[in-house]
Structure formats: C-alpha cells, structure tokens
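Chemist: My structure is below; once you've seen it, I'll send some questions.
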Amino acid sequence: MKSAFQQLNMPADTSFIIREYHQPHFTAPFHFHHAYEVIMIVKSYGKIYGGNKVLNFSEGDIYLFGPGFGHCFYNDQSFIDTGEMAHAIVVQFTEDFIGKDFFDKPELRKVKKMLQQAPAGVKFHTPAPTTQKLFSQLCEQKQLPGLILLLQLLDTLSGQRKLLLNDAPGKIYYHQNDSSKIELVFKYVIENFKSTVDSKSAAALIFLNEAAFCRYFKRRTRKTFSQFVNEVRVTHATKLLLNKDDSIAEVCYACGYNNVSYFNRQFKLLQGVTPKEYRANYLERG
C-alpha cells in the first residue's frame, strides 16, 4: 500500500533537499510530509489536487506546501501523448532547518508569514522569470551558496501574489491508510471525467458499497463525489475557454457534460460567472 506520509531523508552534508524530476509523467501518489516543499513546474501540464481545490497547472507554475498538506499532480493525457518529459524542481526543508528561531528575525517577517500560510497550500500568481531562474541556480549550487539562494528565493516569493489552495475553515486531515484509496478515486476521475464517471464504479475501486463510499469520500474531502467530479470538469473548462475558437457547447461536451444548461449552472456555481462571462473577462484582460 502506498503511504500518504513521505519521510524526508535529509543527507548528512546539507540542511535542505533539492531534486529535479524528469519523467514521462508525474508519478508521485497523493501524499503529505512533515516538511515544507517548494515546487516549480518546468515542463508539463495537468491537474493538481490539494487542500479543497482542483486547479490546472502548467509550465512556470510555483507552489509552496507546508507540513501535513495533502497533494498530488496528475498529467493530462494530452501531455502524456506528446511523449515529452515532465520536469519539475522540488526544494524541501524543515521548519528549523536553519535554526529554531531564525525566521523570527525582523528581516524575515514576510517569509515567516508566508510559511504560516503554507499548511493551507500556496500557488503563486504569474511568478517572475527572475524567480524561476533562482530554481535553476539552486540546482547548480551546493553548501553555503545554495543556502543563500534558497533564502533569496523564499524572500522573493514572500512578496508575490498568492492563492491559498485550502480556503475552507479548518484543516483537512488525511490518515496514512487513506492514500491508496483516495489516490485510486482521484486517478479514476482525472482519467475519465471527459466521458462517464459514477460513484458506483468509484466505490468498487476501493471495495466499498456505494453508500459507504459516498460517506467515506465526503468525510475525507469535505465534498460529495459529484461535487468533486464537477470541480474537475469545470477546472478543465476554464482552460478550454481560453481558446476563443471553441464554442461553449464544444467546451461543455469536451469536459464530460451532455447538457449545456447544466454545464452553465455548474460553472457559475464554482466560478461565480457563466462560461461566456469567464471567456469575456479573459479576453478583456488579454
């Protein structure tokens, strides 16, 4: 069974970990750990599930996750079909990696506030190219120069606009034995939302009857299974709507809906505007 908790194995000669991942698609299961994690997506796109949100992710995105924040990146099948390698840079560090009271220094007030938000999951809005460059430099530096670059990265990120991935009251907790079950359900929805998904099939994946599954899923995610499916579909729709050549009906059917009126209602429920208004707002900003 895959464990929801991933242990941070810190090398003896460093106070933080930096890794680069080059894979046909991201393979890490739904998980959490007792460390901070900063991630930059260098190459890839798809869906991220974390906190109480499903979001599209794409090249250049940067995220910060705090201790206990469950998350997983799923590549869209269209990316996998390109044959390109998914590429991400990941930095991990503990709260006291540079000393117990280090972040209490007045010069680090903004960084400390950002780290306090991290257990809710943070996505940074349109990170500057200079921020992305710091990740690349981190991969090339060791020892003290690398540590200085990490502090510079955290300081730069602390001044950027942020979106919290878990904006619901309270924290969503996952038990270690939840991971394999949640992972199977999430993967089933992500891989099949463009056609037909149903709670009975999802329940069978984790050997529960439908009623027990619906209770389990809501208890673990704070949303019903149908709400989650709609969230995945609407999230995908926000991406497709950026292509002004596709009609609203075409976007509707491409996201797994078979009724445009129902699609419009669900979209407005989750996004606050209709698909048509969403597209118009994007075109005005562009």
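By order in the structure tokens, chains are A, B, ...; within a chain, residues start at 1; ligands start at 1, following the order shown.
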I want to know what sits within 10 Å of Val111 (chain A), based on only C-alpha atoms, with residues of the same chain fewer than 5 positions away left out; could you give that as number ranges by chain?

Modeler: A: 103-106, 116-117, 151, 153-159

Chemist: Let's have the selection written as a short mmCIF file (atom, residue, chain, number, x, y, z; two decimals), in the first residue's frame, with all heavy atoms.

Modeler:
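What follows is the written file part_23.cif:
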data_model
loop_
_atom_site.label_atom_id
_atom_site.label_comp_id
_atom_site.auth_asym_id
_atom_site.auth_seq_id
_atom_site.Cartn_x
_atom_site.Cartn_y
_atom_site.Cartn_z
N PHE A 103 13.52 32.38 11.63
CA PHE A 103 12.50 33.13 10.90
C PHE A 103 11.79 34.17 11.77
O PHE A 103 10.88 34.85 11.30
CB PHE A 103 11.50 32.18 10.26
CG PHE A 103 12.08 31.42 9.10
CD1 PHE A 103 12.37 30.07 9.21
CD2 PHE A 103 12.34 32.06 7.90
CE1 PHE A 103 12.93 29.38 8.15
CE2 PHE A 103 12.89 31.38 6.83
CZ PHE A 103 13.20 30.04 6.95
N ASP A 104 12.20 34.29 13.05
CA ASP A 104 11.66 35.33 13.91
C ASP A 104 12.40 36.65 13.74
O ASP A 104 11.99 37.68 14.28
CB ASP A 104 11.74 34.91 15.38
CG ASP A 104 10.76 33.79 15.71
OD1 ASP A 104 9.70 33.74 15.06
OD2 ASP A 104 11.06 32.98 16.60
N LYS A 105 13.49 36.64 12.97
CA LYS A 105 14.24 37.87 12.74
C LYS A 105 13.37 38.87 11.97
O LYS A 105 12.59 38.50 11.09
CB LYS A 105 15.51 37.58 11.93
CG LYS A 105 16.42 36.53 12.56
CD LYS A 105 17.00 37.01 13.87
CE LYS A 105 18.06 36.07 14.40
NZ LYS A 105 17.51 34.76 14.83
N PRO A 106 13.47 40.16 12.30
CA PRO A 106 12.60 41.17 11.67
C PRO A 106 12.75 41.23 10.15
O PRO A 106 11.79 41.52 9.44
CB PRO A 106 13.05 42.49 12.32
CG PRO A 106 14.37 42.21 12.96
CD PRO A 106 14.35 40.76 13.33
N GLN A 116 3.68 30.49 7.40
CA GLN A 116 2.50 30.22 8.23
C GLN A 116 1.28 29.92 7.36
O GLN A 116 0.36 29.23 7.80
CB GLN A 116 2.22 31.41 9.14
CG GLN A 116 3.25 31.58 10.26
CD GLN A 116 3.07 32.86 11.06
OE1 GLN A 116 2.50 33.84 10.57
NE2 GLN A 116 3.55 32.87 12.29
N GLN A 117 1.26 30.43 6.13
CA GLN A 117 0.17 30.14 5.20
C GLN A 117 0.36 28.79 4.49
O GLN A 117 -0.61 28.21 3.99
CB GLN A 117 0.08 31.24 4.14
CG GLN A 117 -0.31 32.60 4.66
CD GLN A 117 -0.24 33.67 3.58
OE1 GLN A 117 0.73 33.73 2.82
NE2 GLN A 117 -1.26 34.51 3.50
N LEU A 151 17.29 31.19 0.60
CA LEU A 151 16.74 32.31 1.36
C LEU A 151 16.31 33.44 0.43
O LEU A 151 15.27 34.09 0.65
CB LEU A 151 17.79 32.82 2.35
CG LEU A 151 18.14 31.86 3.50
CD1 LEU A 151 19.26 32.44 4.35
CD2 LEU A 151 16.92 31.57 4.36
N LEU A 153 15.26 33.00 -2.63
CA LEU A 153 14.03 32.51 -3.27
C LEU A 153 12.83 32.72 -2.35
O LEU A 153 11.78 33.22 -2.79
CB LEU A 153 14.18 31.03 -3.62
CG LEU A 153 12.93 30.34 -4.17
CD1 LEU A 153 12.51 30.95 -5.50
CD2 LEU A 153 13.15 28.83 -4.31
N LEU A 154 12.96 32.34 -1.08
CA LEU A 154 11.84 32.50 -0.14
C LEU A 154 11.48 33.97 0.03
O LEU A 154 10.29 34.32 0.10
CB LEU A 154 12.21 31.88 1.20
CG LEU A 154 12.38 30.35 1.22
CD1 LEU A 154 12.85 29.89 2.60
CD2 LEU A 154 11.09 29.66 0.83
N ASP A 155 12.49 34.84 0.10
CA ASP A 155 12.22 36.27 0.24
C ASP A 155 11.49 36.80 -0.99
O ASP A 155 10.53 37.57 -0.87
CB ASP A 155 13.54 37.02 0.43
CG ASP A 155 13.33 38.52 0.57
OD1 ASP A 155 12.64 38.94 1.53
OD2 ASP A 155 13.83 39.27 -0.28
N THR A 156 11.91 36.36 -2.18
CA THR A 156 11.26 36.82 -3.42
C THR A 156 9.81 36.34 -3.48
O THR A 156 8.90 37.10 -3.81
CB THR A 156 12.04 36.30 -4.65
OG1 THR A 156 13.38 36.77 -4.58
CG2 THR A 156 11.40 36.78 -5.94
N LEU A 157 9.58 35.07 -3.14
CA LEU A 157 8.23 34.52 -3.18
C LEU A 157 7.31 35.20 -2.17
O LEU A 157 6.11 35.36 -2.42
CB LEU A 157 8.27 33.01 -2.91
CG LEU A 157 8.86 32.13 -4.02
CD1 LEU A 157 8.99 30.69 -3.53
CD2 LEU A 157 8.01 32.19 -5.29
N SER A 158 7.86 35.60 -1.03
CA SER A 158 7.02 36.19 0.02
C SER A 158 6.38 37.51 -0.41
O SER A 158 5.37 37.93 0.16
CB SER A 158 7.85 36.41 1.30
OG SER A 158 8.80 37.45 1.11
N GLY A 159 6.94 38.15 -1.44
CA GLY A 159 6.39 39.40 -1.91
C GLY A 159 5.46 39.27 -3.09
O GLY A 159 4.98 40.29 -3.63
#

Chemist: What lies within 9 Å of region 49-55 of chain A using only C-alpha atoms, ignoring chain neighbours under 3 positions off, as a PyMOL selection string?

Modeler: chain A and resi 30+46+69-74+120-121+164-168+171-172+186+221-223+228+231-232+235-236

Chemist: Pick the closest to Ala28 (chain A) from A:Gln92, A:Ser180, A:Gln152, A:Ser15: which is it, counting only C-alpha atoms?

Modeler: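 Among the listed residues, the smallest separation from Ala28 (chain A) belongs to A:Ser180.
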
Chemist: Going by DSSP on the backbone, which residues of region 44-234 of chain A come out as strand (DSSP E or B)? List them as a JSON list (two decimals) with N, CA, C and O atoms, in the first residue's frame.

Modeler:
[["chain", "number", "residue", "atom", "x", "y", "z"],
["A", 46, "GLY", "N", -1.41, 19.78, -16.45],
["A", 46, "GLY", "CA", -2.41, 18.82, -15.98],
["A", 46, "GLY", "C", -3.24, 19.41, -14.87],
["A", 46, "GLY", "O", -3.56, 20.59, -14.87],
["A", 47, "LYS", "N", -3.59, 18.57, -13.87],
["A", 47, "LYS", "CA", -4.42, 18.98, -12.75],
["A", 47, "LYS", "C", -3.66, 18.73, -11.45],
["A", 47, "LYS", "O", -2.97, 17.73, -11.30],
["A", 48, "ILE", "N", -3.83, 19.65, -10.51],
["A", 48, "ILE", "CA", -3.32, 19.43, -9.16],
["A", 48, "ILE", "C", -4.51, 19.37, -8.22],
["A", 48, "ILE", "O", -5.43, 20.19, -8.31],
["A", 49, "TYR", "N", -4.50, 18.37, -7.33],
["A", 49, "TYR", "CA", -5.50, 18.31, -6.27],
["A", 49, "TYR", "C", -4.76, 18.57, -4.96],
["A", 49, "TYR", "O", -3.80, 17.89, -4.62],
["A", 50, "GLY", "N", -5.22, 19.58, -4.22],
["A", 50, "GLY", "CA", -4.62, 19.88, -2.94],
["A", 50, "GLY", "C", -5.56, 20.72, -2.11],
["A", 50, "GLY", "O", -6.29, 21.56, -2.64],
["A", 53, "LYS", "N", -9.17, 22.20, -3.32],
["A", 53, "LYS", "CA", -9.25, 22.73, -4.68],
["A", 53, "LYS", "C", -8.68, 21.76, -5.71],
["A", 53, "LYS", "O", -7.76, 20.99, -5.42],
["A", 54, "VAL", "N", -9.25, 21.84, -6.91],
["A", 54, "VAL", "CA", -8.66, 21.25, -8.11],
["A", 54, "VAL", "C", -8.30, 22.41, -9.02],
["A", 54, "VAL", "O", -9.14, 23.26, -9.31],
["A", 55, "LEU", "N", -7.04, 22.45, -9.46],
["A", 55, "LEU", "CA", -6.58, 23.53, -10.32],
["A", 55, "LEU", "C", -5.85, 22.96, -11.53],
["A", 55, "LEU", "O", -5.30, 21.86, -11.47],
["A", 56, "ASN", "N", -5.86, 23.72, -12.62],
["A", 56, "ASN", "CA", -4.96, 23.40, -13.72],
["A", 56, "ASN", "C", -3.56, 23.85, -13.34],
["A", 56, "ASN", "O", -3.38, 24.88, -12.71],
["A", 57, "PHE", "N", -2.56, 23.06, -13.70],
["A", 57, "PHE", "CA", -1.18, 23.54, -13.55],
["A", 57, "PHE", "C", -0.51, 23.51, -14.91],
["A", 57, "PHE", "O", -0.90, 22.75, -15.80],
["A", 62, "ILE", "N", 4.54, 27.87, -9.72],
["A", 62, "ILE", "CA", 5.30, 27.63, -8.49],
["A", 62, "ILE", "C", 4.31, 27.46, -7.33],
["A", 62, "ILE", "O", 3.34, 28.22, -7.20],
["A", 63, "TYR", "N", 4.58, 26.46, -6.49],
["A", 63, "TYR", "CA", 3.71, 26.14, -5.35],
["A", 63, "TYR", "C", 4.55, 26.00, -4.09],
["A", 63, "TYR", "O", 5.73, 25.61, -4.14],
["A", 64, "LEU", "N", 3.93, 26.29, -2.95],
["A", 64, "LEU", "CA", 4.54, 26.07, -1.64],
["A", 64, "LEU", "C", 3.55, 25.28, -0.79],
["A", 64, "LEU", "O", 2.41, 25.69, -0.60],
["A", 65, "PHE", "N", 3.99, 24.12, -0.28],
["A", 65, "PHE", "CA", 3.17, 23.28, 0.57],
["A", 65, "PHE", "C", 3.82, 23.15, 1.94],
["A", 65, "PHE", "O", 5.03, 22.92, 2.04],
["A", 71, "HIS", "N", -1.42, 16.47, -1.30],
["A", 71, "HIS", "CA", -1.45, 17.00, -2.66],
["A", 71, "HIS", "C", -0.99, 15.94, -3.67],
["A", 71, "HIS", "O", -0.34, 14.97, -3.31],
["A", 72, "CYS", "N", -1.34, 16.19, -4.92],
["A", 72, "CYS", "CA", -0.89, 15.31, -6.00],
["A", 72, "CYS", "C", -1.04, 16.02, -7.33],
["A", 72, "CYS", "O", -2.02, 16.76, -7.54],
["A", 73, "PHE", "N", -0.06, 15.82, -8.22],
["A", 73, "PHE", "CA", -0.10, 16.36, -9.58],
["A", 73, "PHE", "C", -0.44, 15.23, -10.54],
["A", 73, "PHE", "O", 0.19, 14.17, -10.51],
["A", 74, "TYR", "N", -1.43, 15.47, -11.40],
["A", 74, "TYR", "CA", -1.82, 14.50, -12.42],
["A", 74, "TYR", "C", -1.64, 15.13, -13.79],
["A", 74, "TYR", "O", -2.19, 16.20, -14.06],
["A", 75, "ASN", "N", -0.89, 14.47, -14.65],
["A", 75, "ASN", "CA", -0.74, 14.99, -16.01],
["A", 75, "ASN", "C", -1.96, 14.70, -16.85],
["A", 75, "ASN", "O", -2.55, 13.62, -16.78],
["A", 86, "ALA", "N", 7.99, 15.20, -18.37],
["A", 86, "ALA", "CA", 7.57, 16.13, -17.33],
["A", 86, "ALA", "C", 8.80, 16.49, -16.50],
["A", 86, "ALA", "O", 9.61, 15.64, -16.15],
["A", 87, "HIS", "N", 8.95, 17.77, -16.19],
["A", 87, "HIS", "CA", 10.14, 18.25, -15.49],
["A", 87, "HIS", "C", 9.71, 19.18, -14.37],
["A", 87, "HIS", "O", 8.96, 20.13, -14.59],
["A", 88, "ALA", "N", 10.17, 18.89, -13.16],
["A", 88, "ALA", "CA", 9.88, 19.73, -12.01],
["A", 88, "ALA", "C", 11.12, 19.84, -11.13],
["A", 88, "ALA", "O", 11.94, 18.92, -11.08],
["A", 89, "ILE", "N", 11.24, 20.96, -10.44],
["A", 89, "ILE", "CA", 12.30, 21.17, -9.45],
["A", 89, "ILE", "C", 11.63, 21.30, -8.09],
["A", 89, "ILE", "O", 10.69, 22.09, -7.92],
["A", 90, "VAL", "N", 12.09, 20.52, -7.13],
["A", 90, "VAL", "CA", 11.46, 20.47, -5.81],
["A", 90, "VAL", "C", 12.51, 20.77, -4.73],
["A", 90, "VAL", "O", 13.59, 20.18, -4.73],
["A", 91, "VAL", "N", 12.17, 21.68, -3.83],
["A", 91, "VAL", "CA", 13.03, 22.01, -2.68],
["A", 91, "VAL", "C", 12.26, 21.68, -1.42],
["A", 91, "VAL", "O", 11.10, 22.06, -1.27],
["A", 92, "GLN", "N", 12.90, 20.95, -0.50],
["A", 92, "GLN", "CA", 12.25, 20.57, 0.76],
["A", 92, "GLN", "C", 13.14, 20.97, 1.94],
["A", 92, "GLN", "O", 14.36, 20.83, 1.89],
["A", 93, "PHE", "N", 12.49, 21.46, 2.99],
["A", 93, "PHE", "CA", 13.23, 21.85, 4.18],
["A", 93, "PHE", "C", 12.30, 21.81, 5.39],
["A", 93, "PHE", "O", 11.08, 21.96, 5.25],
["A", 122, "VAL", "N", -0.06, 26.96, -1.12],
["A", 122, "VAL", "CA", 0.03, 28.27, -1.77],
["A", 122, "VAL", "C", 0.40, 28.09, -3.23],
["A", 122, "VAL", "O", 1.32, 27.34, -3.57],
["A", 123, "LYS", "N", -0.33, 28.77, -4.11],
["A", 123, "LYS", "CA", 0.07, 28.90, -5.50],
["A", 123, "LYS", "C", 0.41, 30.36, -5.74],
["A", 123, "LYS", "O", -0.33, 31.26, -5.34],
["A", 124, "PHE", "N", 1.55, 30.60, -6.40],
["A", 124, "PHE", "CA", 1.98, 31.97, -6.66],
["A", 124, "PHE", "C", 1.50, 32.40, -8.04],
["A", 124, "PHE", "O", 1.68, 31.69, -9.02],
["A", 162, "LYS", "N", -0.58, 35.57, -4.00],
["A", 162, "LYS", "CA", -0.76, 34.16, -3.66],
["A", 162, "LYS", "C", -2.22, 33.75, -3.71],
["A", 162, "LYS", "O", -3.12, 34.55, -3.47],
["A", 163, "LEU", "N", -2.42, 32.46, -4.00],
["A", 163, "LEU", "CA", -3.74, 31.84, -3.91],
["A", 163, "LEU", "C", -3.63, 30.68, -2.94],
["A", 163, "LEU", "O", -2.75, 29.82, -3.09],
["A", 164, "LEU", "N", -4.49, 30.63, -1.90],
["A", 164, "LEU", "CA", -4.48, 29.51, -0.96],
["A", 164, "LEU", "C", -5.31, 28.37, -1.52],
["A", 164, "LEU", "O", -6.45, 28.57, -1.96]]

Chemist: Hey, can you check how far CA of Ile41 (chain A) sits from CA of Asp81 (chain A)?

Modeler: 18.2 Å

Chemist: Would you pick out the contacts of Lys142 (chain A) at 12 Å or less, using only C-alpha atoms, so that residues sharing its chain but fewer than 5 positions from it are not included, and give the list as a PyMOL selection string?

Modeler: chain A and resi 13-18+137+147-150

Chemist: Using N, CA, C and O atoms, can you export the residues from the last selection as an mmCIF file, in the first residue's frame?

Modeler:
data_model
loop_
_atom_site.group_PDB
_atom_site.id
_atom_site.type_symbol
_atom_site.label_atom_id
_atom_site.label_comp_id
_atom_site.auth_asym_id
_atom_site.auth_seq_id
_atom_site.Cartn_x
_atom_site.Cartn_y
_atom_site.Cartn_z
ATOM 1 N N ASP A 13 25.197 16.116 4.822
ATOM 2 C CA ASP A 13 26.016 17.281 4.491
ATOM 3 C C ASP A 13 25.209 18.493 4.033
ATOM 4 O O ASP A 13 25.762 19.429 3.461
ATOM 5 N N THR A 14 23.902 18.500 4.273
ATOM 6 C CA THR A 14 23.090 19.639 3.842
ATOM 7 C C THR A 14 21.890 19.807 4.766
ATOM 8 O O THR A 14 21.476 18.863 5.444
ATOM 9 N N SER A 15 21.345 21.034 4.807
ATOM 10 C CA SER A 15 20.205 21.309 5.681
ATOM 11 C C SER A 15 18.887 21.328 4.922
ATOM 12 O O SER A 15 17.835 21.514 5.527
ATOM 13 N N PHE A 16 18.940 21.175 3.601
ATOM 14 C CA PHE A 16 17.720 21.109 2.803
ATOM 15 C C PHE A 16 17.971 20.216 1.595
ATOM 16 O O PHE A 16 19.107 19.865 1.274
ATOM 17 N N ILE A 17 16.889 19.831 0.941
ATOM 18 C CA ILE A 17 16.972 18.911 -0.201
ATOM 19 C C ILE A 17 16.476 19.612 -1.449
ATOM 20 O O ILE A 17 15.463 20.324 -1.417
ATOM 21 N N ILE A 18 17.176 19.412 -2.550
ATOM 22 C CA ILE A 18 16.691 19.889 -3.842
ATOM 23 C C ILE A 18 16.793 18.736 -4.831
ATOM 24 O O ILE A 18 17.811 18.036 -4.892
ATOM 25 N N GLN A 137 19.303 28.033 -10.619
ATOM 26 C CA GLN A 137 20.582 28.280 -9.961
ATOM 27 C C GLN A 137 20.758 27.395 -8.734
ATOM 28 O O GLN A 137 21.868 26.944 -8.425
ATOM 29 N N LEU A 147 22.387 27.656 0.085
ATOM 30 C CA LEU A 147 21.560 28.111 1.199
ATOM 31 C C LEU A 147 21.175 29.579 1.017
ATOM 32 O O LEU A 147 20.016 29.970 1.237
ATOM 33 N N ILE A 148 22.113 30.381 0.590
ATOM 34 C CA ILE A 148 21.831 31.806 0.354
ATOM 35 C C ILE A 148 20.803 31.972 -0.761
ATOM 36 O O ILE A 148 19.877 32.795 -0.666
ATOM 37 N N LEU A 149 20.924 31.161 -1.817
ATOM 38 C CA LEU A 149 19.957 31.219 -2.913
ATOM 39 C C LEU A 149 18.562 30.816 -2.442
ATOM 40 O O LEU A 149 17.559 31.412 -2.864
ATOM 41 N N LEU A 150 18.468 29.820 -1.566
ATOM 42 C CA LEU A 150 17.167 29.398 -1.050
ATOM 43 C C LEU A 150 16.523 30.520 -0.248
ATOM 44 O O LEU A 150 15.322 30.798 -0.399
#

Chemist: My list of candidates is A:Ala280, A:Ile248, A:Val185, A:Leu270. Which is closest to Leu208 (chain A) when distances are computed with only C-alpha atoms?

Modeler: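 Answer, going by the shortest atom-to-atom distance: A:Val185.
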
Chemist: Choose the residue, out of A:Lys43, A:Lys200, A:Arg265, A:Lys100, that has the smallest atom-to-atom separation from Phe225 (chain A); count only C-alpha atoms.

Modeler: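 Going through A:Lys43, A:Lys200, A:Arg265, A:Lys100 one by one, the smallest distance to Phe225 (chain A) is for A:Lys200.
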
Chemist: Please provide the set of residues having any atom within 12 Å of Pro129 (chain A), restricted to only C-alpha atoms, with same-chain residues fewer than 6 positions apart removed, written as number ranges by chain.

Modeler: A: 40, 42, 59-62, 135-136, 156-157

Chemist: Output N, CA and C atoms for every residue in the selection just made, as a PDB file, in the first residue's frame.

Modeler:
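Once written, selection.pdb looks like this:
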ATOM      1  N   MET A  40       8.550  24.018  -8.575  1.00  0.00           N
ATOM      2  CA  MET A  40       8.358  24.744  -9.824  1.00  0.00           C
ATOM      3  C   MET A  40       8.152  23.738 -10.946  1.00  0.00           C
ATOM      4  N   VAL A  42       8.637  22.981 -14.479  1.00  0.00           N
ATOM      5  CA  VAL A  42       9.458  23.465 -15.591  1.00  0.00           C
ATOM      6  C   VAL A  42       8.813  23.102 -16.923  1.00  0.00           C
ATOM      7  N   GLU A  59       3.333  24.958 -17.220  1.00  0.00           N
ATOM      8  CA  GLU A  59       4.746  25.325 -17.206  1.00  0.00           C
ATOM      9  C   GLU A  59       4.950  26.689 -16.546  1.00  0.00           C
ATOM     10  N   GLY A  60       5.907  26.756 -15.623  1.00  0.00           N
ATOM     11  CA  GLY A  60       6.227  28.003 -14.938  1.00  0.00           C
ATOM     12  C   GLY A  60       5.534  28.190 -13.606  1.00  0.00           C
ATOM     13  N   ASP A  61       4.557  27.351 -13.283  1.00  0.00           N
ATOM     14  CA  ASP A  61       3.845  27.478 -12.010  1.00  0.00           C
ATOM     15  C   ASP A  61       4.773  27.168 -10.841  1.00  0.00           C
ATOM     16  N   ILE A  62       4.544  27.870  -9.717  1.00  0.00           N
ATOM     17  CA  ILE A  62       5.299  27.633  -8.485  1.00  0.00           C
ATOM     18  C   ILE A  62       4.313  27.458  -7.334  1.00  0.00           C
ATOM     19  N   PHE A 135      15.406  28.947  -9.140  1.00  0.00           N
ATOM     20  CA  PHE A 135      15.298  27.492  -9.035  1.00  0.00           C
ATOM     21  C   PHE A 135      16.425  26.812  -9.806  1.00  0.00           C
ATOM     22  N   SER A 136      16.650  27.261 -11.017  1.00  0.00           N
ATOM     23  CA  SER A 136      17.708  26.672 -11.837  1.00  0.00           C
ATOM     24  C   SER A 136      19.075  26.860 -11.197  1.00  0.00           C
ATOM     25  N   THR A 156      11.906  36.364  -2.183  1.00  0.00           N
ATOM     26  CA  THR A 156      11.261  36.818  -3.417  1.00  0.00           C
ATOM     27  C   THR A 156       9.814  36.341  -3.483  1.00  0.00           C
ATOM     28  N   LEU A 157       9.581  35.067  -3.140  1.00  0.00           N
ATOM     29  CA  LEU A 157       8.229  34.519  -3.178  1.00  0.00           C
ATOM     30  C   LEU A 157       7.310  35.197  -2.168  1.00  0.00           C
TER      31      LEU A 157
END

Chemist: Compare A:Val229, A:Leu184, A:Ile39, A:Val189 by their minimum atom-to-atom distance to Ile206 (chain A), counting only C-alpha atoms, and give me the closest one.

Modeler: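 Using only C-alpha atoms, Ile206 (chain A) sits closest to A:Leu184.
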
Chemist: Could you check which of A:Lys181, A:Arg109, A:Arg161, A:Lys133 is closest to His31 (chain A), using only C-alpha atoms?

Modeler: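 Answer, going by the shortest atom-to-atom distance: A:Lys181.
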
Chemist: Calculate how many Å separate CA of Ile98 (chain A) from CA of Val38 (chain A), rounding to one decimal.

Modeler: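 So the two atoms, CA of Ile98 (chain A) and CA of Val38 (chain A), lie 16.2 Å apart.
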
Chemist: Report the distance between CA of His25 (chain A) and CA of Gln77 (chain A) in Å, rounded to one decimal place.

Modeler: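 Between these atoms lies a distance of 9.3 Å.
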
Chemist: Quick one: DSSP alpha helix (DSSP H) residues in region 28-242 of chain A, as a PyMOL selection string?

Modeler: chain A and resi 77-80+109-117+129-140+143-158+179-192+199-205+210-221+225-240

Chemist: Restricting the calculation to only C-alpha atoms: of A:Arg279, A:Thr126, A:Asn258, A:Phe217, which residue gets closest to Asp245 (chain A)?

Modeler: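 Closest residue, counting only C-alpha atoms: A:Arg279.
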